[in-house]
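K.L.:
protein.csv (CSV, C-alpha atoms) pasted underneath:
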```
chain,number,residue,atom,x,y,z
W,1,MET,CA,9.9,4.5,-0.9
W,2,CYS,CA,6.6,6.2,0.1
W,3,GLY,CA,4.7,6.0,3.3
W,4,ILE,CA,1.1,5.9,4.5
W,5,ALA,CA,-0.6,6.6,7.8
W,6,GLY,CA,-4.2,7.2,8.9
W,7,LEU,CA,-7.0,6.8,11.3
W,8,ALA,CA,-10.6,5.5,11.0
W,9,GLY,CA,-13.3,5.9,13.6
W,10,GLY,CA,-16.5,7.7,14.3
W,11,ASP,CA,-14.7,10.9,15.3
W,12,ALA,CA,-11.6,10.6,13.1
W,13,VAL,CA,-11.8,14.1,11.8
W,14,ARG,CA,-11.4,15.5,15.3
W,15,HIS,CA,-7.9,13.9,15.2
W,16,GLU,CA,-6.9,15.2,11.9
W,17,GLN,CA,-3.9,17.0,13.3
W,18,THR,CA,-2.8,13.8,15.0
W,19,VAL,CA,-2.8,12.1,11.6
W,20,ALA,CA,-1.0,15.0,10.1
W,21,ALA,CA,1.7,14.6,12.7
W,22,MET,CA,1.9,10.9,12.0
W,23,GLY,CA,2.5,11.6,8.4
W,24,ASP,CA,5.1,14.3,9.3
W,25,SER,CA,7.0,11.8,11.4
W,26,GLN,CA,7.6,9.7,8.3
W,27,HIS,CA,8.3,12.7,6.0
W,28,TYR,CA,11.7,11.3,4.8
W,29,ARG,CA,9.8,8.4,3.1
W,30,GLY,CA,8.2,10.9,0.7
W,31,PRO,CA,10.6,13.6,-0.5
W,32,ASP,CA,8.0,14.8,-3.1
W,33,GLY,CA,5.5,15.8,-0.4
W,34,THR,CA,3.6,14.7,2.7
W,35,MET,CA,-0.1,15.5,2.7
W,36,HIS,CA,-3.2,14.3,4.4
W,37,ALA,CA,-7.0,14.3,3.6
W,38,ALA,CA,-10.1,13.7,5.5
W,39,ALA,CA,-13.0,11.7,4.2
W,40,ARG,CA,-16.3,13.4,3.3
W,41,ASP,CA,-18.1,11.8,6.3
W,42,GLY,CA,-15.3,12.7,8.7
W,43,ARG,CA,-14.8,9.1,9.7
W,44,ALA,CA,-11.3,8.7,8.3
W,45,VAL,CA,-8.2,10.7,7.7
W,46,LEU,CA,-5.4,9.4,5.5
W,47,ALA,CA,-1.8,10.7,5.1
W,48,MET,CA,0.7,9.9,2.5
W,49,ASN,CA,4.4,10.5,2.0
W,50,THR,CA,4.9,10.6,-1.7
W,51,LEU,CA,7.9,9.5,-3.7
W,52,LEU,CA,7.0,10.0,-7.4
W,53,ILE,CA,8.4,7.0,-9.3
W,54,VAL,CA,6.3,6.7,-12.4
W,55,ASP,CA,6.1,10.4,-13.2
W,56,PRO,CA,8.0,13.0,-11.2
W,57,GLN,CA,5.4,15.6,-12.2
W,58,ALA,CA,2.3,13.6,-11.0
W,59,VAL,CA,0.2,15.0,-8.2
W,60,PRO,CA,1.1,13.7,-4.7
W,61,GLY,CA,-1.4,11.6,-2.7
W,62,PRO,CA,-3.7,10.9,-1.0
W,63,TYR,CA,-6.0,10.4,-3.9
W,64,LEU,CA,-9.8,11.0,-4.1
W,65,ASP,CA,-12.4,9.7,-6.5
W,66,ARG,CA,-14.8,12.6,-6.9
W,67,ASP,CA,-17.8,10.5,-7.8
W,68,THR,CA,-17.7,8.0,-5.0
W,69,ARG,CA,-15.5,10.0,-2.6
W,70,ILE,CA,-13.4,6.9,-2.1
W,71,LEU,CA,-10.0,8.0,-0.6
W,72,LEU,CA,-6.7,6.1,-1.2
W,73,ALA,CA,-3.2,6.3,0.2
W,74,PHE,CA,-0.6,4.1,-1.4
W,75,ASN,CA,2.9,2.9,-0.8
W,76,GLY,CA,4.7,0.9,-3.5
W,77,GLU,CA,4.6,0.4,-7.3
W,78,ILE,CA,2.3,-1.6,-9.5
W,79,TYR,CA,4.4,-2.9,-12.4
W,80,ASN,CA,1.6,-4.0,-14.7
W,81,TRP,CA,-0.7,-1.0,-14.2
W,82,ARG,CA,-0.7,0.1,-17.8
W,83,GLN,CA,-1.6,-3.4,-19.0
W,84,GLN,CA,-4.4,-3.8,-16.4
W,85,ALA,CA,-5.8,-0.4,-17.1
W,86,ALA,CA,-6.2,-1.4,-20.8
W,87,ALA,CA,-7.7,-4.8,-19.8
W,88,TRP,CA,-10.2,-3.3,-17.3
W,89,GLY,CA,-11.1,-0.3,-19.4
W,90,ILE,CA,-9.7,2.2,-17.0
W,91,GLU,CA,-8.7,5.6,-18.5
W,92,ILE,CA,-5.5,7.1,-17.4
W,93,SER,CA,-4.7,10.7,-18.2
W,94,GLU,CA,-1.3,12.4,-18.7
W,95,ARG,CA,0.4,13.2,-15.5
W,96,GLU,CA,-1.3,10.3,-13.8
W,97,SER,CA,0.3,7.2,-12.3
W,98,ASP,CA,-0.2,3.7,-11.0
W,99,ALA,CA,-1.8,5.2,-7.9
W,100,HIS,CA,-4.5,6.8,-10.0
W,101,PHE,CA,-5.0,3.5,-11.8
W,102,LEU,CA,-5.3,1.7,-8.4
W,103,LEU,CA,-7.9,4.1,-7.1
W,104,ARG,CA,-10.1,3.7,-10.3
W,105,ALA,CA,-9.6,-0.1,-10.2
W,106,TRP,CA,-10.8,-0.2,-6.6
W,107,VAL,CA,-13.8,2.0,-7.5
W,108,LYS,CA,-14.7,-0.2,-10.5
W,109,ILE,CA,-13.8,-3.7,-9.2
W,110,GLY,CA,-13.4,-3.4,-5.4
W,111,PRO,CA,-10.9,-5.4,-3.4
W,112,SER,CA,-10.9,-8.2,-6.0
W,113,CYS,CA,-8.6,-5.9,-8.1
W,114,LEU,CA,-5.8,-7.1,-5.8
W,115,ASP,CA,-5.7,-10.4,-7.7
W,116,GLY,CA,-4.7,-8.6,-10.9
W,117,LEU,CA,-1.8,-6.6,-9.5
W,118,ASP,CA,1.8,-7.4,-10.1
W,119,GLY,CA,3.9,-5.3,-7.8
W,120,MET,CA,4.8,-4.4,-4.2
W,121,SER,CA,2.3,-2.4,-2.2
W,122,ALA,CA,0.7,-1.4,1.1
W,123,ILE,CA,-2.7,0.1,0.4
W,124,SER,CA,-5.2,2.0,2.5
W,125,VAL,CA,-8.7,2.7,1.1
W,126,TYR,CA,-11.6,4.4,2.8
W,127,ASP,CA,-15.1,4.1,1.3
W,128,PRO,CA,-17.6,6.5,2.9
W,129,ARG,CA,-20.5,4.8,1.2
W,130,THR,CA,-20.1,1.8,3.5
W,131,ALA,CA,-18.0,3.5,6.2
W,132,LYS,CA,-15.3,0.9,5.8
W,133,LEU,CA,-11.5,1.1,5.9
W,134,PHE,CA,-9.5,-1.4,3.9
W,135,LEU,CA,-5.8,-2.2,4.4
W,136,ALA,CA,-4.0,-4.5,2.1
W,137,ARG,CA,-0.5,-5.8,1.7
W,138,ASP,CA,1.3,-7.3,-1.3
W,139,GLN,CA,1.7,-11.1,-1.8
W,140,LEU,CA,5.1,-11.5,-0.1
W,141,GLY,CA,4.8,-8.5,2.3
W,142,GLU,CA,7.6,-6.4,0.7
W,143,LYS,CA,5.9,-3.2,1.8
W,144,PRO,CA,5.4,-2.9,5.6
W,145,LEU,CA,2.1,-1.9,7.2
W,146,TYR,CA,1.3,-1.8,11.0
W,147,TRP,CA,-2.0,-1.2,12.7
W,148,ARG,CA,-3.6,-0.9,16.2
W,149,LEU,CA,-7.1,-0.7,17.5
W,150,ASP,CA,-7.7,1.8,20.3
W,151,GLY,CA,-10.8,3.3,21.7
W,152,GLY,CA,-12.9,2.2,18.7
W,153,ARG,CA,-10.5,3.8,16.3
W,154,LEU,CA,-8.1,1.9,14.0
W,155,ALA,CA,-4.8,3.6,13.3
W,156,PHE,CA,-2.2,2.4,10.8
W,157,ALA,CA,1.2,3.4,9.5
W,158,SER,CA,4.1,2.3,7.4
W,159,GLU,CA,6.4,2.4,10.4
W,160,VAL,CA,5.8,0.9,13.8
W,161,THR,CA,7.3,3.9,15.6
W,162,THR,CA,4.7,6.1,14.0
W,163,LEU,CA,2.0,4.2,15.9
W,164,THR,CA,3.9,4.4,19.2
W,165,GLY,CA,3.5,8.2,18.8
W,166,TYR,CA,-0.3,7.8,18.4
W,167,GLY,CA,-0.7,6.5,21.9
W,168,PRO,CA,1.0,4.5,24.7
W,169,ALA,CA,2.5,1.2,23.5
W,170,PRO,CA,4.6,-0.5,26.2
W,171,LEU,CA,7.5,-2.7,25.1
W,172,VAL,CA,6.9,-6.4,25.3
W,173,LEU,CA,9.7,-8.9,25.6
W,174,ARG,CA,8.5,-11.8,23.5
W,175,PRO,CA,10.2,-15.2,24.0
W,176,GLU,CA,11.4,-15.4,20.4
W,177,VAL,CA,13.3,-12.1,20.8
W,178,THR,CA,15.7,-13.8,23.3
W,179,ALA,CA,16.5,-16.5,20.7
W,180,ILE,CA,16.4,-14.8,17.3
W,181,GLU,CA,16.3,-11.1,18.3
W,182,THR,CA,13.0,-10.4,16.5
W,183,PRO,CA,9.3,-11.1,16.9
W,184,VAL,CA,7.8,-13.6,14.4
W,185,GLY,CA,4.5,-13.5,12.6
W,186,VAL,CA,2.3,-10.4,13.1
W,187,ASP,CA,3.7,-9.6,16.6
W,188,THR,CA,5.8,-6.5,17.2
W,189,PRO,CA,7.8,-5.4,20.2
W,190,PHE,CA,5.0,-3.0,21.1
W,191,GLN,CA,1.9,-4.0,23.0
W,192,GLY,CA,-1.3,-3.6,20.9
W,193,ILE,CA,0.5,-3.0,17.6
W,194,GLN,CA,0.4,-5.7,14.9
W,195,LEU,CA,2.0,-6.1,11.5
W,196,LEU,CA,-0.5,-6.8,8.8
W,197,ALA,CA,0.5,-10.2,7.4
W,198,PRO,CA,1.5,-10.5,3.7
W,199,ALA,CA,-1.3,-11.0,1.2
W,200,THR,CA,-3.8,-10.0,3.8
W,201,LEU,CA,-6.8,-7.7,3.4
W,202,LEU,CA,-8.1,-6.1,6.6
W,203,THR,CA,-11.6,-4.6,6.6
W,204,PHE,CA,-12.5,-2.2,9.5
W,205,ASP,CA,-16.2,-1.4,9.8
W,206,VAL,CA,-16.3,2.0,11.4
W,207,THR,CA,-20.0,1.7,12.3
W,208,THR,CA,-19.8,-1.5,14.2
W,209,GLY,CA,-16.1,-1.4,15.2
W,210,SER,CA,-15.6,-4.9,13.8
W,211,ILE,CA,-12.5,-6.2,12.0
W,212,ASP,CA,-12.2,-8.9,9.4
W,213,GLN,CA,-9.0,-10.3,7.9
W,214,MET,CA,-8.7,-12.5,4.9
W,215,THR,CA,-5.7,-13.9,3.0
W,216,TRP,CA,-6.3,-12.9,-0.7
W,217,TRP,CA,-3.3,-14.9,-2.1
W,218,HIS,CA,-1.9,-18.2,-1.1
W,219,LEU,CA,1.6,-19.4,-2.1
W,220,GLU,CA,0.6,-23.0,-1.7
W,221,ASP,CA,-2.0,-22.5,-4.5
W,222,ARG,CA,0.8,-21.9,-6.9
W,223,ALA,CA,1.5,-25.1,-9.0
W,224,PRO,CA,5.0,-26.4,-8.4
W,225,PHE,CA,7.3,-26.8,-11.4
W,226,THR,CA,8.0,-30.4,-12.1
W,227,GLY,CA,10.2,-30.2,-15.3
W,228,THR,CA,13.9,-30.7,-15.8
W,229,TYR,CA,16.6,-28.3,-14.9
W,230,ASP,CA,16.9,-27.1,-18.6
W,231,GLU,CA,13.1,-26.6,-18.8
W,232,ALA,CA,13.2,-24.7,-15.5
W,233,LEU,CA,16.0,-22.5,-16.8
W,234,ALA,CA,14.1,-21.8,-20.0
W,235,ARG,CA,11.0,-20.9,-18.1
W,236,PHE,CA,12.9,-18.6,-15.8
W,237,SER,CA,14.5,-16.9,-18.8
W,238,THR,CA,11.0,-16.3,-20.3
W,239,ILE,CA,9.6,-14.9,-17.0
W,240,LEU,CA,12.6,-12.6,-16.6
W,241,ALA,CA,12.2,-11.3,-20.2
W,242,GLU,CA,8.6,-10.6,-19.5
W,243,GLN,CA,9.1,-8.9,-16.1
W,244,ILE,CA,12.0,-6.6,-16.9
W,245,PRO,CA,10.0,-4.3,-19.3
W,246,LEU,CA,7.3,-4.0,-16.6
W,247,ARG,CA,9.8,-2.6,-14.2
W,248,SER,CA,11.9,-0.5,-16.5
W,249,PRO,CA,9.6,2.3,-17.8
W,250,ALA,CA,10.1,4.4,-14.6
W,251,CYS,CA,13.8,4.3,-15.2
W,252,ASP,CA,13.9,5.2,-18.8
W,253,LEU,CA,15.8,8.5,-19.1
W,254,PRO,CA,14.7,10.5,-22.1
W,255,SER,CA,16.8,13.4,-23.2
W,256,SER,CA,14.3,15.8,-21.8
W,257,SER,CA,14.2,14.2,-18.4
W,258,PRO,CA,13.8,16.8,-15.6
W,259,ALA,CA,16.4,17.0,-12.9
W,260,GLY,CA,15.9,14.5,-10.2
W,261,TRP,CA,14.4,11.8,-12.4
W,262,THR,CA,17.2,9.3,-11.6
W,263,ARG,CA,16.7,9.4,-7.8
W,264,ARG,CA,13.1,8.3,-8.4
W,265,CYS,CA,14.0,5.2,-10.4
W,266,TRP,CA,14.8,2.8,-7.6
W,267,PRO,CA,12.0,2.3,-5.1
W,268,THR,CA,12.8,0.7,-1.7
```
What is this structure when it is put down as structure tokens?

P.N.:
Amino acid sequence: MCGIAGLAGGDAVRHEQTVAAMGDSQHYRGPDGTMHAAARDGRAVLAMNTLLIVDPQAVPGPYLDRDTRILLAFNGEIYNWRQQAAAWGIEISERESDAHFLLRAWVKIGPSCLDGLDGMSAISVYDPRTAKLFLARDQLGEKPLYWRLDGGRLAFASEVTTLTGYGPAPLVLRPEVTAIETPVGVDTPFQGIQLLAPATLLTFDVTTGSIDQMTWWHLEDRAPFTGTYDEALARFSTILAEQIPLRSPACDLPSSSPAGWTRRCWPT
């Protein structure tokens, strides 16, 4: 389990310590380090709580591409990152992980790289060349991501309570809470704070203050299986055999494994 938080806006760098405090409030999500970084243009500050899953000796985030100055904070795990790195011609060095791959994939391909990812993730990317912040969530929304727009600034975090600390957010009793004890859809119990929907890409233009949201994956587009039970069972067995190796490398325990490797094997 990792965590991300951040702020984008014309004067974001003036609130760098606020973002640092937001990251610190989620520190337990990243036992391998909580750090933050400001974008080159001062219009975004990203924080990341890092739990190193792929390599316990990798560098904690946020991550910066030195050529484009694109900044990324990432929560989750990309299972097919090695295969996609080879397919897209992306070089990965020793002591680098799926987060480094994701940053380079974004630099090379842009948001369309989301279509090729197999994993669970909540992603934040700031591109100073266009002054745009991108927030994205995995297909089924396994990793949480909340956001709020306040005073021309967009703030986001992995935990809703982190955003209540950014500014006032009165509690709202929504009708469904009295029936099923929880809000539905993108609503939260806090006024002005929304949950980013699964498989959604949010783009915030810092210059204009505009927000655009698009669904980048649709469950209904997946072709239904129409075969027999035995055929479905065989297909499931094939998929299971293909998927297990993608998820297992982080849990292989070589004889030279450093202490603490096992606790990093099971992301939540």

K.L.:
Between atom CA of Arg174 of chain W and atom CA of Trp147 of chain W, what is the distance, to one decimal in Å?

P.N.:
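Atom-to-atom, atom CA of Arg174 of chain W and atom CA of Trp147 of chain W are spaced 18.4 Å apart.
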
K.L.:
List the spatial neighbours of segment 66-80 of chain W as a PyMOL selection string - criterion: any atom at most 7 Å away, all atoms listed in the file, same-chain residues fewer than 3 positions off excluded.

P.N.:
chain W and resi 1-4+39-40+46-48+61-63+83-84+98-99+103+117-128+143+246-247

K.L.:
List every residue of segment 111-188 of chain W that has an atom at most 7 Å from any atom of segment 201-213 of chain W, and for each one report the closest atom pair and its distance in Å to one decimal, counting only C-alpha atoms, with rows sorted by chain and then by increasing residue number, as CSV.

P.N.:
```
residue,atom,partner,partner_atom,distance
W:Ala131,CA,W:Val206,CA,5.7
W:Lys132,CA,W:Asp205,CA,4.7
W:Leu133,CA,W:Phe204,CA,5.0
W:Phe134,CA,W:Thr203,CA,4.7
W:Leu135,CA,W:Leu202,CA,5.0
W:Ala136,CA,W:Leu201,CA,4.4
W:Arg137,CA,W:Leu201,CA,6.8
W:Gly152,CA,W:Gly209,CA,6.0
```

K.L.:
Could you please take those selected residues and save C-alpha atoms as a tab-separated table (two decimals), in the frame of the given file?

P.N.:
```
chain	number	residue	atom	x	y	z
W	131	ALA	CA	-18.00	3.50	6.20
W	132	LYS	CA	-15.30	0.90	5.80
W	133	LEU	CA	-11.50	1.10	5.90
W	134	PHE	CA	-9.50	-1.40	3.90
W	135	LEU	CA	-5.80	-2.20	4.40
W	136	ALA	CA	-4.00	-4.50	2.10
W	137	ARG	CA	-0.50	-5.80	1.70
W	152	GLY	CA	-12.90	2.20	18.70
```

K.L.:
Could you tell me how far atom CA of Leu64 of chain W sits from atom CA of Val107 of chain W, in Å to one decimal place?

P.N.:
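Value for the atom CA of Val107 of chain W-atom CA of Leu64 of chain W distance: 10.4 Å.
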
K.L.:
Between atom CA of Thr178 of chain W and atom CA of Val160 of chain W, measure the distance and give it in Å to one decimal.

P.N.:
20.1 Å

K.L.:
Hey, which of W:Asp55, W:Asp230, W:Asp138, W:Asp24 ends up closest to Glu96 of chain W? Count all atoms listed in the file.

P.N.:
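Comparing W:Asp55, W:Asp230, W:Asp138, W:Asp24 against Glu96 of chain W, the winner is W:Asp55.
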
K.L.:
What are the closest atom pairs, with distances in Å to one decimal, for each residue of segment 40-153 of chain W lying within 8 Å of segment 27-32 of chain W, using only C-alpha atoms, rows by chain and rising residue number, as JSON lines?

P.N.:
```
{"residue": "W:Met48", "atom": "CA", "partner": "W:Gly30", "partner_atom": "CA", "distance": 7.8}
{"residue": "W:Asn49", "atom": "CA", "partner": "W:Gly30", "partner_atom": "CA", "distance": 4.0}
{"residue": "W:Thr50", "atom": "CA", "partner": "W:Gly30", "partner_atom": "CA", "distance": 4.1}
{"residue": "W:Leu51", "atom": "CA", "partner": "W:Gly30", "partner_atom": "CA", "distance": 4.6}
{"residue": "W:Leu52", "atom": "CA", "partner": "W:Asp32", "partner_atom": "CA", "distance": 6.5}
{"residue": "W:Pro60", "atom": "CA", "partner": "W:Asp32", "partner_atom": "CA", "distance": 7.2}
```

K.L.:
Show me, as a PDB file with C-alpha atoms, in the coordinates of the input, the residues that have an atom within 9 Å of Ile193 of chain W when counting all atoms listed in the file, minus same-chain residues fewer than 4 positions from it.

P.N.:
```
ATOM      1  CA  TYR W 146       1.300  -1.800  11.000  1.00  0.00           C
ATOM      2  CA  TRP W 147      -2.000  -1.200  12.700  1.00  0.00           C
ATOM      3  CA  ARG W 148      -3.600  -0.900  16.200  1.00  0.00           C
ATOM      4  CA  LEU W 149      -7.100  -0.700  17.500  1.00  0.00           C
ATOM      5  CA  VAL W 160       5.800   0.900  13.800  1.00  0.00           C
ATOM      6  CA  LEU W 163       2.000   4.200  15.900  1.00  0.00           C
ATOM      7  CA  THR W 164       3.900   4.400  19.200  1.00  0.00           C
ATOM      8  CA  ALA W 169       2.500   1.200  23.500  1.00  0.00           C
ATOM      9  CA  VAL W 186       2.300 -10.400  13.100  1.00  0.00           C
ATOM     10  CA  ASP W 187       3.700  -9.600  16.600  1.00  0.00           C
ATOM     11  CA  THR W 188       5.800  -6.500  17.200  1.00  0.00           C
ATOM     12  CA  PRO W 189       7.800  -5.400  20.200  1.00  0.00           C
TER      13      PRO W 189
END
```

K.L.:
Name the residues, using the chain letters and numbers of the file, that sit within 7 Å of (-6.0, 15.7, 4.9) when counting all atoms listed in the file, and give them as a PyMOL selection string.

P.N.:
chain W and resi 35-38+45-47

K.L.:
Selection from above, C-alpha atoms, as a PDB file, in the coordinates of the input, can you write it?

P.N.:
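Now in result35.pdb:
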```
ATOM      1  CA  MET W  35      -0.100  15.500   2.700  1.00  0.00           C
ATOM      2  CA  HIS W  36      -3.200  14.300   4.400  1.00  0.00           C
ATOM      3  CA  ALA W  37      -7.000  14.300   3.600  1.00  0.00           C
ATOM      4  CA  ALA W  38     -10.100  13.700   5.500  1.00  0.00           C
ATOM      5  CA  VAL W  45      -8.200  10.700   7.700  1.00  0.00           C
ATOM      6  CA  LEU W  46      -5.400   9.400   5.500  1.00  0.00           C
ATOM      7  CA  ALA W  47      -1.800  10.700   5.100  1.00  0.00           C
TER       8      ALA W  47
END
```

K.L.:
Can you pull out every residue within 9 Å of segment 219-229 of chain W, counting all atoms listed in the file, but drop anything in the same chain fewer than 4 positions away, and send it as a list in words?

P.N.:
Gln139, Leu140, Leu233 and Ala234 of chain W

K.L.:
Mind rebuilding segment 188-202 of chain W with N, CA, C and O atoms and writing that out as an mmCIF file, in the frame of the given file?

P.N.:
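File result_23.cif, as written:
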```cif
data_model
loop_
_atom_site.group_PDB
_atom_site.id
_atom_site.type_symbol
_atom_site.label_atom_id
_atom_site.label_comp_id
_atom_site.auth_asym_id
_atom_site.auth_seq_id
_atom_site.Cartn_x
_atom_site.Cartn_y
_atom_site.Cartn_z
ATOM 1 N N THR W 188 4.737 -7.541 17.210
ATOM 2 C CA THR W 188 5.800 -6.500 17.200
ATOM 3 C C THR W 188 6.258 -6.365 18.662
ATOM 4 O O THR W 188 5.646 -6.912 19.586
ATOM 5 N N PRO W 189 7.343 -5.630 18.874
ATOM 6 C CA PRO W 189 7.800 -5.400 20.200
ATOM 7 C C PRO W 189 6.924 -4.475 21.053
ATOM 8 O O PRO W 189 7.245 -4.195 22.211
ATOM 9 N N PHE W 190 5.847 -3.986 20.474
ATOM 10 C CA PHE W 190 5.000 -3.000 21.100
ATOM 11 C C PHE W 190 3.615 -3.563 21.394
ATOM 12 O O PHE W 190 2.960 -4.072 20.477
ATOM 13 N N GLN W 191 3.175 -3.473 22.618
ATOM 14 C CA GLN W 191 1.900 -4.000 23.000
ATOM 15 C C GLN W 191 0.747 -3.305 22.228
ATOM 16 O O GLN W 191 0.676 -2.084 22.160
ATOM 17 N N GLY W 192 -0.136 -4.096 21.624
ATOM 18 C CA GLY W 192 -1.300 -3.600 20.900
ATOM 19 C C GLY W 192 -1.055 -3.195 19.480
ATOM 20 O O GLY W 192 -1.987 -2.828 18.768
ATOM 21 N N ILE W 193 0.190 -3.298 19.005
ATOM 22 C CA ILE W 193 0.500 -3.000 17.600
ATOM 23 C C ILE W 193 0.846 -4.253 16.863
ATOM 24 O O ILE W 193 1.687 -5.030 17.310
ATOM 25 N N GLN W 194 0.195 -4.468 15.734
ATOM 26 C CA GLN W 194 0.400 -5.700 14.900
ATOM 27 C C GLN W 194 0.895 -5.288 13.531
ATOM 28 O O GLN W 194 0.585 -4.209 13.022
ATOM 29 N N LEU W 195 1.629 -6.212 12.939
ATOM 30 C CA LEU W 195 2.000 -6.100 11.500
ATOM 31 C C LEU W 195 0.960 -6.808 10.708
ATOM 32 O O LEU W 195 0.595 -7.944 11.001
ATOM 33 N N LEU W 196 0.442 -6.137 9.704
ATOM 34 C CA LEU W 196 -0.500 -6.800 8.800
ATOM 35 C C LEU W 196 0.277 -7.872 8.026
ATOM 36 O O LEU W 196 1.327 -7.600 7.458
ATOM 37 N N ALA W 197 -0.239 -9.092 8.025
ATOM 38 C CA ALA W 197 0.500 -10.200 7.400
ATOM 39 C C ALA W 197 0.501 -10.004 5.864
ATOM 40 O O ALA W 197 -0.376 -9.356 5.282
ATOM 41 N N PRO W 198 1.497 -10.564 5.191
ATOM 42 C CA PRO W 198 1.500 -10.500 3.700
ATOM 43 C C PRO W 198 0.279 -11.062 3.098
ATOM 44 O O PRO W 198 -0.352 -11.976 3.645
ATOM 45 N N ALA W 199 -0.091 -10.526 1.948
ATOM 46 C CA ALA W 199 -1.300 -11.000 1.200
ATOM 47 C C ALA W 199 -2.533 -10.996 1.998
ATOM 48 O O ALA W 199 -3.409 -11.836 1.809
ATOM 49 N N THR W 200 -2.650 -10.038 2.899
ATOM 50 C CA THR W 200 -3.800 -10.000 3.800
ATOM 51 C C THR W 200 -4.612 -8.688 3.481
ATOM 52 O O THR W 200 -4.040 -7.622 3.263
ATOM 53 N N LEU W 201 -5.930 -8.833 3.488
ATOM 54 C CA LEU W 201 -6.800 -7.700 3.400
ATOM 55 C C LEU W 201 -7.571 -7.562 4.707
ATOM 56 O O LEU W 201 -8.242 -8.494 5.155
ATOM 57 N N LEU W 202 -7.411 -6.419 5.344
ATOM 58 C CA LEU W 202 -8.100 -6.100 6.600
ATOM 59 C C LEU W 202 -9.227 -5.143 6.301
ATOM 60 O O LEU W 202 -9.011 -4.129 5.632
#
```
